[in-house]
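Raw entry-v1.cif, mmCIF, C-alpha atoms, pLDDT in the B column; chains and numbers go by the auth columns:
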data_target
loop_
_atom_site.group_PDB
_atom_site.id
_atom_site.type_symbol
_atom_site.label_atom_id
_atom_site.label_comp_id
_atom_site.label_asym_id
_atom_site.label_seq_id
_atom_site.Cartn_x
_atom_site.Cartn_y
_atom_site.Cartn_z
_atom_site.B_iso_or_equiv
_atom_site.auth_seq_id
_atom_site.auth_asym_id
ATOM 1 C CA MET A 1 101.659 87.523 82.284 93.00 21 A
ATOM 2 C CA LYS A 2 104.080 89.664 84.185 95.00 22 A
ATOM 3 C CA ALA A 3 106.862 87.897 86.094 97.00 23 A
ATOM 4 C CA VAL A 4 108.884 89.688 88.749 96.00 24 A
ATOM 5 C CA VAL A 5 112.183 87.991 89.623 97.00 25 A
ATOM 6 C CA THR A 6 113.942 89.240 92.762 96.00 26 A
ATOM 7 C CA VAL A 7 117.608 88.314 93.200 97.00 27 A
ATOM 8 C CA VAL A 8 119.431 88.960 96.497 96.00 28 A
ATOM 9 C CA LEU A 9 122.732 87.734 97.911 96.00 29 A
ATOM 10 C CA LYS A 10 122.288 84.695 100.165 95.00 30 A
ATOM 11 C CA ASP A 11 122.442 85.181 103.930 91.00 31 A
ATOM 12 C CA GLY A 12 126.052 84.960 105.005 92.00 32 A
ATOM 13 C CA VAL A 13 127.416 86.432 101.791 95.00 33 A
ATOM 14 C CA LEU A 14 128.934 89.845 102.523 95.00 34 A
ATOM 15 C CA ASP A 15 126.936 92.729 101.032 96.00 35 A
ATOM 16 C CA PRO A 16 129.022 95.932 101.161 96.00 36 A
ATOM 17 C CA GLN A 17 126.454 97.853 99.113 96.00 37 A
ATOM 18 C CA GLY A 18 123.792 96.992 101.688 96.00 38 A
ATOM 19 C CA LYS A 19 126.101 98.112 104.503 96.00 39 A
ATOM 20 C CA ALA A 20 126.724 101.427 102.710 97.00 40 A
ATOM 21 C CA VAL A 21 122.987 102.013 102.261 97.00 41 A
ATOM 22 C CA GLY A 22 122.390 101.251 105.963 97.00 42 A
ATOM 23 C CA HIS A 23 125.065 103.756 107.017 97.00 43 A
ATOM 24 C CA ALA A 24 123.716 106.394 104.624 97.00 44 A
ATOM 25 C CA LEU A 25 120.185 105.986 106.035 97.00 45 A
ATOM 26 C CA GLU A 26 121.493 106.375 109.581 97.00 46 A
ATOM 27 C CA GLY A 27 123.363 109.474 108.432 97.00 47 A
ATOM 28 C CA LEU A 28 120.047 110.882 107.214 97.00 48 A
ATOM 29 C CA GLY A 29 118.517 110.394 110.667 96.00 49 A
ATOM 30 C CA PHE A 30 116.722 107.074 110.245 96.00 50 A
ATOM 31 C CA PHE A 31 117.099 104.814 113.277 92.00 51 A
ATOM 32 C CA GLY A 32 116.364 101.209 114.205 94.00 52 A
ATOM 33 C CA ILE A 33 117.810 99.867 110.981 96.00 53 A
ATOM 34 C CA GLY A 34 119.271 96.375 111.204 95.00 54 A
ATOM 35 C CA GLU A 35 120.683 94.481 108.273 95.00 55 A
ATOM 36 C CA VAL A 36 120.241 95.953 104.808 96.00 56 A
ATOM 37 C CA ARG A 37 120.632 93.875 101.658 96.00 57 A
ATOM 38 C CA VAL A 38 120.613 95.257 98.138 97.00 58 A
ATOM 39 C CA GLY A 39 119.687 93.087 95.202 97.00 59 A
ATOM 40 C CA LYS A 40 118.129 93.376 91.794 97.00 60 A
ATOM 41 C CA VAL A 41 114.655 92.959 90.450 97.00 61 A
ATOM 42 C CA ILE A 42 113.830 91.941 86.880 97.00 62 A
ATOM 43 C CA GLU A 43 110.314 92.592 85.571 96.00 63 A
ATOM 44 C CA LEU A 44 109.440 90.505 82.518 97.00 64 A
ATOM 45 C CA ASP A 45 106.421 90.764 80.231 96.00 65 A
ATOM 46 C CA LEU A 46 105.762 87.210 79.078 96.00 66 A
ATOM 47 C CA ALA A 47 103.489 86.116 76.228 96.00 67 A
ATOM 48 C CA GLU A 48 102.665 82.961 78.242 93.00 68 A
ATOM 49 C CA THR A 49 99.109 83.147 79.621 94.00 69 A
ATOM 50 C CA ASP A 50 99.195 80.156 82.013 95.00 70 A
ATOM 51 C CA PRO A 51 100.467 81.344 85.430 95.00 71 A
ATOM 52 C CA GLU A 52 102.059 77.991 86.311 96.00 72 A
ATOM 53 C CA ARG A 53 103.976 77.810 83.026 96.00 73 A
ATOM 54 C CA ALA A 54 104.930 81.470 83.280 96.00 74 A
ATOM 55 C CA ARG A 55 106.396 80.744 86.721 97.00 75 A
ATOM 56 C CA GLU A 56 108.346 77.713 85.452 96.00 76 A
ATOM 57 C CA SER A 57 109.674 79.766 82.562 96.00 77 A
ATOM 58 C CA ALA A 58 110.735 82.669 84.816 97.00 78 A
ATOM 59 C CA GLU A 59 112.419 80.239 87.248 97.00 79 A
ATOM 60 C CA ALA A 60 114.352 78.694 84.365 97.00 80 A
ATOM 61 C CA MET A 61 115.458 82.190 83.255 97.00 81 A
ATOM 62 C CA ALA A 62 116.577 82.973 86.804 97.00 82 A
ATOM 63 C CA ARG A 63 118.631 79.781 87.033 97.00 83 A
ATOM 64 C CA ARG A 64 120.159 80.174 83.563 96.00 84 A
ATOM 65 C CA LEU A 65 120.916 83.894 83.508 97.00 85 A
ATOM 66 C CA LEU A 66 119.397 86.223 86.065 97.00 86 A
ATOM 67 C CA ALA A 67 120.813 84.776 89.291 97.00 87 A
ATOM 68 C CA ASN A 68 124.100 83.241 90.307 97.00 88 A
ATOM 69 C CA THR A 69 122.683 80.516 92.517 96.00 89 A
ATOM 70 C CA VAL A 70 126.040 79.874 94.163 96.00 90 A
ATOM 71 C CA ILE A 71 125.831 83.180 96.042 97.00 91 A
ATOM 72 C CA GLU A 72 122.351 84.490 95.282 97.00 92 A
ATOM 73 C CA ARG A 73 118.801 83.413 96.084 96.00 93 A
ATOM 74 C CA PHE A 74 115.877 84.324 93.857 97.00 94 A
ATOM 75 C CA GLU A 75 112.128 84.568 94.145 96.00 95 A
ATOM 76 C CA VAL A 76 109.538 84.631 91.347 97.00 96 A
ATOM 77 C CA LEU A 77 106.229 86.486 91.603 95.00 97 A
ATOM 78 C CA ILE A 78 103.603 86.134 88.851 96.00 98 A
ATOM 79 C CA ARG A 79 101.135 88.988 88.375 88.00 99 A
ATOM 80 C CA MET B 1 109.590 94.128 110.663 93.00 11 B
ATOM 81 C CA LYS B 2 111.133 93.499 107.306 95.00 12 B
ATOM 82 C CA ALA B 3 110.569 96.091 104.587 97.00 13 B
ATOM 83 C CA VAL B 4 111.245 95.314 100.942 96.00 14 B
ATOM 84 C CA VAL B 5 111.615 98.382 98.706 97.00 15 B
ATOM 85 C CA THR B 6 111.543 97.757 94.959 96.00 16 B
ATOM 86 C CA VAL B 7 112.837 100.539 92.695 97.00 17 B
ATOM 87 C CA VAL B 8 112.358 100.388 88.912 96.00 18 B
ATOM 88 C CA LEU B 9 112.695 102.977 86.148 96.00 19 B
ATOM 89 C CA LYS B 10 109.348 104.596 85.293 95.00 20 B
ATOM 90 C CA ASP B 11 107.552 103.499 82.143 91.00 21 B
ATOM 91 C CA GLY B 12 108.844 105.559 79.250 92.00 22 B
ATOM 92 C CA VAL B 13 112.344 105.912 80.683 95.00 23 B
ATOM 93 C CA LEU B 14 114.784 103.999 78.492 95.00 24 B
ATOM 94 C CA ASP B 15 116.219 100.898 80.198 96.00 25 B
ATOM 95 C CA PRO B 16 119.207 99.590 78.183 96.00 26 B
ATOM 96 C CA GLN B 17 120.072 97.035 80.878 96.00 27 B
ATOM 97 C CA GLY B 18 116.567 95.579 80.572 96.00 28 B
ATOM 98 C CA LYS B 19 116.912 95.472 76.772 97.00 29 B
ATOM 99 C CA ALA B 20 120.245 93.639 77.109 97.00 30 B
ATOM 100 C CA VAL B 21 118.735 91.077 79.487 97.00 31 B
ATOM 101 C CA GLY B 22 115.816 90.526 77.090 97.00 32 B
ATOM 102 C CA HIS B 23 118.198 89.914 74.172 97.00 33 B
ATOM 103 C CA ALA B 24 120.364 87.585 76.267 97.00 34 B
ATOM 104 C CA LEU B 25 117.301 85.526 77.286 97.00 35 B
ATOM 105 C CA GLU B 26 116.234 85.222 73.636 97.00 36 B
ATOM 106 C CA GLY B 27 119.781 84.153 72.789 97.00 37 B
ATOM 107 C CA LEU B 28 119.427 81.376 75.365 97.00 38 B
ATOM 108 C CA GLY B 29 116.286 80.110 73.625 96.00 39 B
ATOM 109 C CA PHE B 30 113.551 81.730 75.704 96.00 40 B
ATOM 110 C CA PHE B 31 110.701 83.075 73.589 92.00 41 B
ATOM 111 C CA GLY B 32 107.632 85.246 74.057 94.00 42 B
ATOM 112 C CA ILE B 33 109.501 87.850 76.047 96.00 43 B
ATOM 113 C CA GLY B 34 108.157 91.376 75.792 95.00 44 B
ATOM 114 C CA GLU B 35 109.523 94.324 77.709 95.00 45 B
ATOM 115 C CA VAL B 36 112.148 93.648 80.382 96.00 46 B
ATOM 116 C CA ARG B 37 112.957 96.184 83.078 96.00 47 B
ATOM 117 C CA VAL B 38 115.793 95.831 85.572 97.00 48 B
ATOM 118 C CA GLY B 39 115.680 97.610 88.901 97.00 49 B
ATOM 119 C CA LYS B 40 116.923 97.205 92.418 97.00 50 B
ATOM 120 C CA VAL B 41 115.469 95.782 95.574 97.00 51 B
ATOM 121 C CA ILE B 42 116.465 96.866 99.076 97.00 52 B
ATOM 122 C CA GLU B 43 115.598 94.561 102.001 96.00 53 B
ATOM 123 C CA LEU B 44 115.624 96.352 105.358 97.00 54 B
ATOM 124 C CA ASP B 45 115.381 94.864 108.848 96.00 55 B
ATOM 125 C CA LEU B 46 113.568 97.496 110.893 96.00 56 B
ATOM 126 C CA ALA B 47 113.265 97.627 114.702 96.00 57 B
ATOM 127 C CA GLU B 48 109.788 99.171 114.255 93.00 58 B
ATOM 128 C CA THR B 49 107.061 96.640 115.173 94.00 59 B
ATOM 129 C CA ASP B 50 103.989 98.488 113.871 95.00 60 B
ATOM 130 C CA PRO B 51 103.454 97.581 110.174 95.00 61 B
ATOM 131 C CA GLU B 52 101.876 100.951 109.292 96.00 62 B
ATOM 132 C CA ARG B 53 104.736 102.923 110.820 96.00 63 B
ATOM 133 C CA ALA B 54 107.297 100.579 109.282 96.00 64 B
ATOM 134 C CA ARG B 55 105.722 101.258 105.874 97.00 65 B
ATOM 135 C CA GLU B 56 105.777 105.035 106.413 96.00 66 B
ATOM 136 C CA SER B 57 109.401 104.847 107.490 96.00 67 B
ATOM 137 C CA ALA B 58 110.428 102.723 104.479 97.00 68 B
ATOM 138 C CA GLU B 59 108.554 105.069 102.116 97.00 69 B
ATOM 139 C CA ALA B 60 110.408 108.047 103.610 97.00 70 B
ATOM 140 C CA MET B 61 113.727 106.199 103.107 97.00 71 B
ATOM 141 C CA ALA B 62 112.788 105.485 99.483 97.00 72 B
ATOM 142 C CA ARG B 63 111.932 109.123 98.808 97.00 73 B
ATOM 143 C CA ARG B 64 115.026 110.482 100.588 96.00 74 B
ATOM 144 C CA LEU B 65 117.686 108.033 99.394 97.00 75 B
ATOM 145 C CA LEU B 66 116.711 104.773 97.757 97.00 76 B
ATOM 146 C CA ALA B 67 114.819 106.021 94.702 97.00 77 B
ATOM 147 C CA ASN B 68 115.201 108.935 92.331 97.00 78 B
ATOM 148 C CA THR B 69 111.518 109.735 91.999 96.00 79 B
ATOM 149 C CA VAL B 70 112.096 111.844 88.892 96.00 80 B
ATOM 150 C CA ILE B 71 112.848 108.761 86.817 97.00 81 B
ATOM 151 C CA GLU B 72 112.075 105.841 89.138 97.00 82 B
ATOM 152 C CA ARG B 73 108.972 104.428 90.791 96.00 83 B
ATOM 153 C CA PHE B 74 109.132 102.488 94.034 97.00 84 B
ATOM 154 C CA GLU B 75 106.974 100.037 95.921 96.00 85 B
ATOM 155 C CA VAL B 76 107.156 99.070 99.603 97.00 86 B
ATOM 156 C CA LEU B 77 106.210 95.638 100.902 95.00 87 B
ATOM 157 C CA ILE B 78 106.087 94.952 104.654 96.00 88 B
ATOM 158 C CA ARG B 79 106.612 91.386 105.815 88.00 89 B
#

With the file now loaded, output its structure as structure tokens.
Amino acid sequence: MKAVVTVVLKDGVLDPQGKAVGHALEGLGFFGIGEVRVGKVIELDLAETDPERARESAEAMARRLLANTVIERFEVLIR
Amino acid sequence: MKAVVTVVLKDGVLDPQGKAVGHALEGLGFFGIGEVRVGKVIELDLAETDPERARESAEAMARRLLANTVIERFEVLIR
């Protein structure tokens, strides 16, 4: 199974990189842009074939290594 | 509308950060991990209310700034 883990700073945590991207987009002529947040995405090929177990495994990986749950939230998508 | 742009290195482009994450996960006792690819995700709050136009706008942003389409692929999700 393929697991996609998305990790983004929690709401309320300052994201200067997101602010910079927002300003750059406005500089390029894009309008109507509100808040921008930049995070990371980790795509994992897992040998596990059961979607529920693949999700549990990917969530454990996110909690142990991929995300800092003090300041970041994560989301797991199984494909 | 909220647009989520995911940017990951194309298949075939070496991803040392992904390799490092894969090794670190194995070191933590996770098994059955194949290829790991690390990319970025950009969450945008857009004033645009039409989903189709929001998607077009986010795709234009990805092509102009967010992704380097020579070595990266991107995906747009409208929520």

If chain A is fitted onto chain B by least squares over all C-alpha atoms, taken pair by pair in sequence order, what do its new coordinates look like as an mmCIF file with C-alpha atoms, in the frame of the given file?
data_model
loop_
_atom_site.group_PDB
_atom_site.id
_atom_site.type_symbol
_atom_site.label_atom_id
_atom_site.label_comp_id
_atom_site.auth_asym_id
_atom_site.auth_seq_id
_atom_site.Cartn_x
_atom_site.Cartn_y
_atom_site.Cartn_z
ATOM 1 C CA MET A 21 109.577 94.141 110.654
ATOM 2 C CA LYS A 22 111.119 93.486 107.300
ATOM 3 C CA ALA A 23 110.563 96.087 104.574
ATOM 4 C CA VAL A 24 111.238 95.307 100.930
ATOM 5 C CA VAL A 25 111.612 98.381 98.708
ATOM 6 C CA THR A 26 111.541 97.764 94.950
ATOM 7 C CA VAL A 27 112.828 100.548 92.695
ATOM 8 C CA VAL A 28 112.348 100.404 88.905
ATOM 9 C CA LEU A 29 112.689 102.996 86.155
ATOM 10 C CA LYS A 30 109.353 104.617 85.287
ATOM 11 C CA ASP A 31 107.560 103.516 82.123
ATOM 12 C CA GLY A 32 108.864 105.579 79.246
ATOM 13 C CA VAL A 33 112.354 105.928 80.679
ATOM 14 C CA LEU A 34 114.803 104.002 78.493
ATOM 15 C CA ASP A 35 116.222 100.901 80.197
ATOM 16 C CA PRO A 36 119.217 99.604 78.204
ATOM 17 C CA GLN A 37 120.066 97.039 80.883
ATOM 18 C CA GLY A 38 116.565 95.588 80.569
ATOM 19 C CA LYS A 39 116.917 95.465 76.778
ATOM 20 C CA ALA A 40 120.252 93.635 77.120
ATOM 21 C CA VAL A 41 118.731 91.077 79.498
ATOM 22 C CA GLY A 42 115.814 90.521 77.085
ATOM 23 C CA HIS A 43 118.202 89.914 74.174
ATOM 24 C CA ALA A 44 120.363 87.581 76.270
ATOM 25 C CA LEU A 45 117.305 85.518 77.276
ATOM 26 C CA GLU A 46 116.237 85.218 73.642
ATOM 27 C CA GLY A 47 119.784 84.151 72.804
ATOM 28 C CA LEU A 48 119.428 81.366 75.370
ATOM 29 C CA GLY A 49 116.285 80.101 73.631
ATOM 30 C CA PHE A 50 113.555 81.724 75.712
ATOM 31 C CA PHE A 51 110.695 83.053 73.591
ATOM 32 C CA GLY A 52 107.623 85.230 74.059
ATOM 33 C CA ILE A 53 109.510 87.822 76.059
ATOM 34 C CA GLY A 54 108.158 91.355 75.796
ATOM 35 C CA GLU A 55 109.533 94.295 77.704
ATOM 36 C CA VAL A 56 112.141 93.636 80.375
ATOM 37 C CA ARG A 57 112.953 96.165 83.083
ATOM 38 C CA VAL A 58 115.780 95.837 85.573
ATOM 39 C CA GLY A 59 115.666 97.618 88.890
ATOM 40 C CA LYS A 60 116.911 97.212 92.413
ATOM 41 C CA VAL A 61 115.464 95.784 95.562
ATOM 42 C CA ILE A 62 116.450 96.863 99.073
ATOM 43 C CA GLU A 63 115.587 94.571 101.988
ATOM 44 C CA LEU A 64 115.619 96.343 105.350
ATOM 45 C CA ASP A 65 115.371 94.859 108.836
ATOM 46 C CA LEU A 66 113.569 97.491 110.891
ATOM 47 C CA ALA A 67 113.273 97.622 114.683
ATOM 48 C CA GLU A 68 109.790 99.162 114.248
ATOM 49 C CA THR A 69 107.085 96.627 115.166
ATOM 50 C CA ASP A 70 103.999 98.493 113.874
ATOM 51 C CA PRO A 71 103.455 97.577 110.190
ATOM 52 C CA GLU A 72 101.881 100.937 109.302
ATOM 53 C CA ARG A 73 104.754 102.914 110.830
ATOM 54 C CA ALA A 74 107.303 100.568 109.291
ATOM 55 C CA ARG A 75 105.729 101.253 105.890
ATOM 56 C CA GLU A 76 105.785 105.036 106.422
ATOM 57 C CA SER A 77 109.410 104.841 107.496
ATOM 58 C CA ALA A 78 110.424 102.716 104.481
ATOM 59 C CA GLU A 79 108.553 105.075 102.117
ATOM 60 C CA ALA A 80 110.401 108.039 103.613
ATOM 61 C CA MET A 81 113.724 106.204 103.098
ATOM 62 C CA ALA A 82 112.780 105.485 99.486
ATOM 63 C CA ARG A 83 111.938 109.132 98.811
ATOM 64 C CA ARG A 84 115.033 110.473 100.585
ATOM 65 C CA LEU A 85 117.684 108.031 99.391
ATOM 66 C CA LEU A 86 116.719 104.770 97.746
ATOM 67 C CA ALA A 87 114.817 106.034 94.698
ATOM 68 C CA ASN A 88 115.198 108.944 92.336
ATOM 69 C CA THR A 89 111.518 109.758 91.995
ATOM 70 C CA VAL A 90 112.102 111.877 88.903
ATOM 71 C CA ILE A 91 112.847 108.772 86.828
ATOM 72 C CA GLU A 92 112.077 105.868 89.148
ATOM 73 C CA ARG A 93 108.964 104.447 90.790
ATOM 74 C CA PHE A 94 109.119 102.498 94.033
ATOM 75 C CA GLU A 95 106.966 100.040 95.910
ATOM 76 C CA VAL A 96 107.141 99.072 99.594
ATOM 77 C CA LEU A 97 106.204 95.625 100.896
ATOM 78 C CA ILE A 98 106.087 94.949 104.654
ATOM 79 C CA ARG A 99 106.637 91.376 105.835
#

Distance-based interface of chain A with chain B, 7 Å, counting only C-alpha atoms, as a PyMOL selection string: chain A and resi 52-68

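The coordinates place atom CA of Glu66 of chain B at 13.7 Å from atom CA of Arg89 of chain B.
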
Students should find that atom CA of Leu19 of chain B and atom CA of Ile81 of chain B are spaced 5.8 Å

Excluding Arg65 of chain B and residues on its chain fewer than 5 positions from it, collect all residues at most 8 Å away from it, counting all atoms listed in the file, and give them as a PyMOL selection string. chain B and resi 13+86-88

Atom CA of His33 of chain B sits from atom CA of Ala87 of chain A at a separation of 16.2 Å

Edge lengths and centre in Å to one decimal, as AutoDock Vina command-line options, is what I'm after for the box along x, y and z that holds all listed atoms of segment 61-78 of chain A once 4 Å is added on each side.
--center_x 106.9 --center_y 85.3 --center_z 83.3 --size_x 23.5 --size_y 23.2 --size_z 22.2

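Counting only C-alpha atoms, the residue from A:Lys30, A:Asp35, A:Glu46, A:Pro71 that sits nearest to Glu95 of chain A is A:Lys30.
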
As a compact mmCIF listing (two decimals), in the coordinates of the input, the rebuilt segment 70-87 of chain B with N, CA, C and O atoms:
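Contents of part-v1.txt, freshly written:
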# COMPACT_ATOMS: atom_id res chain seq x y z
N ALA B 70 109.58 106.84 103.43
CA ALA B 70 110.41 108.05 103.61
C ALA B 70 111.84 107.76 103.17
O ALA B 70 112.48 108.58 102.50
N MET B 71 112.36 106.58 103.52
CA MET B 71 113.73 106.20 103.11
C MET B 71 113.82 106.15 101.58
O MET B 71 114.82 106.57 100.99
N ALA B 72 112.79 105.59 100.94
CA ALA B 72 112.79 105.48 99.48
C ALA B 72 112.82 106.87 98.86
O ALA B 72 113.59 107.12 97.92
N ARG B 73 111.99 107.78 99.39
CA ARG B 73 111.93 109.12 98.81
C ARG B 73 113.23 109.90 99.05
O ARG B 73 113.68 110.66 98.19
N ARG B 74 113.83 109.71 100.24
CA ARG B 74 115.03 110.48 100.59
C ARG B 74 116.29 109.95 99.92
O ARG B 74 117.18 110.69 99.56
N LEU B 75 116.41 108.61 99.82
CA LEU B 75 117.69 108.03 99.39
C LEU B 75 117.59 106.93 98.34
O LEU B 75 118.36 106.92 97.39
N LEU B 76 116.64 106.01 98.54
CA LEU B 76 116.71 104.77 97.76
C LEU B 76 116.27 104.94 96.31
O LEU B 76 116.78 104.25 95.43
N ALA B 77 115.33 105.85 96.06
CA ALA B 77 114.82 106.02 94.70
C ALA B 77 115.03 107.45 94.23
O ALA B 77 115.04 108.38 95.04
N ASN B 78 115.21 107.61 92.96
CA ASN B 78 115.20 108.94 92.33
C ASN B 78 113.82 109.07 91.70
O ASN B 78 113.58 108.56 90.60
N THR B 79 112.92 109.76 92.42
CA THR B 79 111.52 109.74 92.00
C THR B 79 111.25 110.50 90.71
O THR B 79 110.14 110.48 90.19
N VAL B 80 112.27 111.18 90.19
CA VAL B 80 112.10 111.84 88.89
C VAL B 80 112.00 110.78 87.79
O VAL B 80 111.17 110.88 86.89
N ILE B 81 112.83 109.77 87.89
CA ILE B 81 112.85 108.76 86.82
C ILE B 81 112.48 107.36 87.30
O ILE B 81 112.32 106.45 86.50
N GLU B 82 112.35 107.18 88.63
CA GLU B 82 112.08 105.84 89.14
C GLU B 82 110.79 105.81 89.96
O GLU B 82 110.44 106.78 90.61
N ARG B 83 110.11 104.66 89.90
CA ARG B 83 108.97 104.43 90.79
C ARG B 83 109.39 103.41 91.83
O ARG B 83 110.24 102.58 91.57
N PHE B 84 108.79 103.49 93.02
CA PHE B 84 109.13 102.49 94.03
C PHE B 84 107.88 101.90 94.66
O PHE B 84 106.78 102.47 94.54
N GLU B 85 108.06 100.78 95.31
CA GLU B 85 106.97 100.04 95.92
C GLU B 85 107.51 99.50 97.25
O GLU B 85 108.65 99.03 97.29
N VAL B 86 106.71 99.57 98.30
CA VAL B 86 107.16 99.07 99.60
C VAL B 86 106.29 97.89 100.01
O VAL B 86 105.05 97.96 99.92
N LEU B 87 106.92 96.82 100.43
CA LEU B 87 106.21 95.64 100.90
C LEU B 87 106.67 95.39 102.33
O LEU B 87 107.88 95.35 102.59
